[in-house]
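Colleague: Here you go, one structure.
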Amino acid sequence: MMKAFFPKWGLILGALLAGGLAVPAAGQEGYEEKPMWEAGLGVGVVSFPEYRGSSRQRTWLLPMPYVIYRGKILRADRGGLRGMLFDSERVELNLSLSASVPVYSSDKGPRQGMPDLRPTVEFGPSLAFNLWRNEMRNERLDLRLPVRVAYGVTGGFKYAGLIFAPSLNYNTPLFGRSGWGLGASAGPIFANARQHRYFYEVEPRYATLDRPAYSASGGYSGSQFSVMLSKRFEKIWFGGFMRYDTLHGAAFVDSPLVERKNSWMGGLGVAWIFGKSDRTVNFSEND
């Protein structure tokens, strides 16, 4: 069942969906005059588990912002928010974002009778190292090292743990100068005990015959593998992604709240670019 998803934090997840759909830095060689900023708004549909390890799959319709800013120090593009704080072609400091949806324990499932899970937001710095690129500078392999702090966001902010998610990211244009871009990423996830307890701990007071008490520890959180595809037309942007998630070997895999060890999520989005600045900058998408 698909649901329209426009709560007060729906735009946050919409922005994260846009980031998941993005294929950064897969443009043409060389510099050209481009607007300092571009703005648009679109809609996306995304399907994902309620939480990693849940058997309940949710499909949502989301608002999706489209924002491009081509500054010398601060840049925002389909790859996210980037701070150009290093005088290096090989190193970038970016902002890493993620989020989770609420889980209502009044519904049937392994959490029935337990407190509801608040939606969370995650944010923190990410160092990106360019490991390889071709002579045209439009095909590249990067190592990204994001560290994010998570907070529950209903009724205020409550600390919900720390996440480290290193990944290898490959980006390349498709079909010559068609404007299509392909991206792929893979990597493990690690988190502290506070993050794992947030989703997978069963306190003794909530234990049942089918749901024994469980205390989650920190450590390995599984791995993710993603493929992304995008296309920019004159005033329309389109993107899609698929992600495979495995919890085999995760520190919390024995929790009674883990119903499955493998899952898929995916999404499609389209945005209309309705505004741009009169001011232009000499810019290369591969910077």
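A note on labels: chains of the structure tokens are A, B, ... as shown, every chain counts residues from 1, and ligands are counted from 1 in their shown order.
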Ala193 of chain A: which residues within 10 Å, counting only C-alpha atoms, same-chain residues fewer than 2 positions away excluded, as a ChimeraX atom specification?
Modeller: /A:160-162,190-191,195-198,201,215-219,251-252
Colleague: With N, CA, C and O atoms retained, could you export that selection as a CSV table (one decimal), in the first residue's frame?
Modeller:
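Output file out07.csv is given in full below:
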```csv
chain,number,residue,atom,x,y,z
A,160,ALA,N,20.5,9.2,19.9
A,160,ALA,CA,20.1,7.8,19.6
A,160,ALA,C,21.3,7.0,19.0
A,160,ALA,O,21.2,6.0,18.3
A,161,GLY,N,22.5,7.5,19.2
A,161,GLY,CA,23.7,6.7,18.9
A,161,GLY,C,24.6,7.3,17.8
A,161,GLY,O,24.3,8.4,17.3
A,162,LEU,N,25.6,6.6,17.5
A,162,LEU,CA,26.7,7.0,16.5
A,162,LEU,C,26.9,6.0,15.5
A,162,LEU,O,26.9,4.8,15.8
A,190,PHE,N,29.0,0.4,10.9
A,190,PHE,CA,29.3,0.2,12.3
A,190,PHE,C,28.5,1.2,13.1
A,190,PHE,O,28.3,2.3,12.7
A,191,ALA,N,28.2,0.8,14.3
A,191,ALA,CA,27.4,1.7,15.2
A,191,ALA,C,27.7,1.3,16.6
A,191,ALA,O,28.1,0.2,17.0
A,195,GLN,N,23.0,3.1,19.5
A,195,GLN,CA,22.3,3.0,18.2
A,195,GLN,C,21.6,1.6,18.1
A,195,GLN,O,20.5,1.5,17.7
A,196,HIS,N,22.4,0.6,18.4
A,196,HIS,CA,21.8,-0.8,18.3
A,196,HIS,C,20.7,-1.0,19.3
A,196,HIS,O,19.6,-1.6,19.0
A,197,ARG,N,20.8,-0.5,20.5
A,197,ARG,CA,19.8,-0.6,21.5
A,197,ARG,C,18.5,0.1,21.1
A,197,ARG,O,17.4,-0.4,21.4
A,198,TYR,N,18.7,1.2,20.4
A,198,TYR,CA,17.5,2.0,20.0
A,198,TYR,C,16.5,1.2,19.2
A,198,TYR,O,15.3,1.3,19.3
A,201,GLU,N,17.0,-3.6,21.1
A,201,GLU,CA,16.9,-4.1,22.5
A,201,GLU,C,15.5,-4.4,23.0
A,201,GLU,O,14.6,-3.7,22.6
A,215,SER,N,19.8,-7.6,25.1
A,215,SER,CA,20.6,-6.4,25.2
A,215,SER,C,21.6,-6.3,24.1
A,215,SER,O,22.4,-7.2,23.9
A,216,ALA,N,21.4,-5.3,23.2
A,216,ALA,CA,22.3,-5.1,22.0
A,216,ALA,C,23.6,-4.5,22.4
A,216,ALA,O,23.7,-3.6,23.2
A,217,SER,N,24.6,-5.0,21.7
A,217,SER,CA,26.0,-4.4,21.9
A,217,SER,C,26.4,-3.6,20.6
A,217,SER,O,25.7,-3.7,19.6
A,218,GLY,N,27.4,-2.8,20.7
A,218,GLY,CA,27.9,-2.1,19.5
A,218,GLY,C,28.8,-3.0,18.6
A,218,GLY,O,29.1,-4.1,19.0
A,219,GLY,N,29.1,-2.4,17.5
A,219,GLY,CA,30.0,-3.2,16.5
A,219,GLY,C,29.5,-3.1,15.1
A,219,GLY,O,28.9,-2.2,14.7
A,251,ALA,N,26.2,-7.4,14.9
A,251,ALA,CA,26.2,-7.5,16.3
A,251,ALA,C,24.9,-7.8,17.0
A,251,ALA,O,24.8,-8.5,18.0
A,252,PHE,N,23.8,-7.4,16.3
A,252,PHE,CA,22.5,-7.5,16.9
A,252,PHE,C,21.6,-8.5,16.2
A,252,PHE,O,20.4,-8.6,16.4
```
Colleague: Could you state the separation of atom CA of Ser223 of chain A and atom CA of Val253 of chain A in Å, given to one decimal place?
Modeller: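 Computing it gives 12.6 Å between the two atoms.
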Colleague: At a cut-off of 8 Å, can you tabulate as a Markdown table every residue of segment 138-176 of chain A near segment 93-106 of chain A together with its closest atom pair and the distance in Å to one decimal, using only C-alpha atoms and ordering rows by chain then number?
Modeller:
```
| residue | atom | partner | partner_atom | distance |
| --- | --- | --- | --- | --- |
| A:Pro146 | CA | A:Ser96 | CA | 6.1 |
| A:Val147 | CA | A:Ser96 | CA | 7.5 |
| A:Arg148 | CA | A:Ser96 | CA | 6.9 |
```
Colleague: Using only C-alpha atoms, which protein or nucleic acid residues come within 7 Å of Arg260 of chain A? Drop anything in the same chain fewer than 5 positions from it, and give the result as a list in words.
Modeller: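 What passes the distance filter is Gly53, Ser54 and Ser55 of chain A.
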Colleague: Would you mind exporting the chosen residues as a PDB file, in the first residue's frame, restricted to C-alpha atoms?
Modeller:
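Result written to out.pdb:
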```pdb
ATOM      1  CA  GLY A  53      15.734  -6.317   9.865  1.00  0.00           C
ATOM      2  CA  SER A  54      11.982  -5.683   9.784  1.00  0.00           C
ATOM      3  CA  SER A  55       9.761  -7.787   7.523  1.00  0.00           C
TER       4      SER A  55
END
```
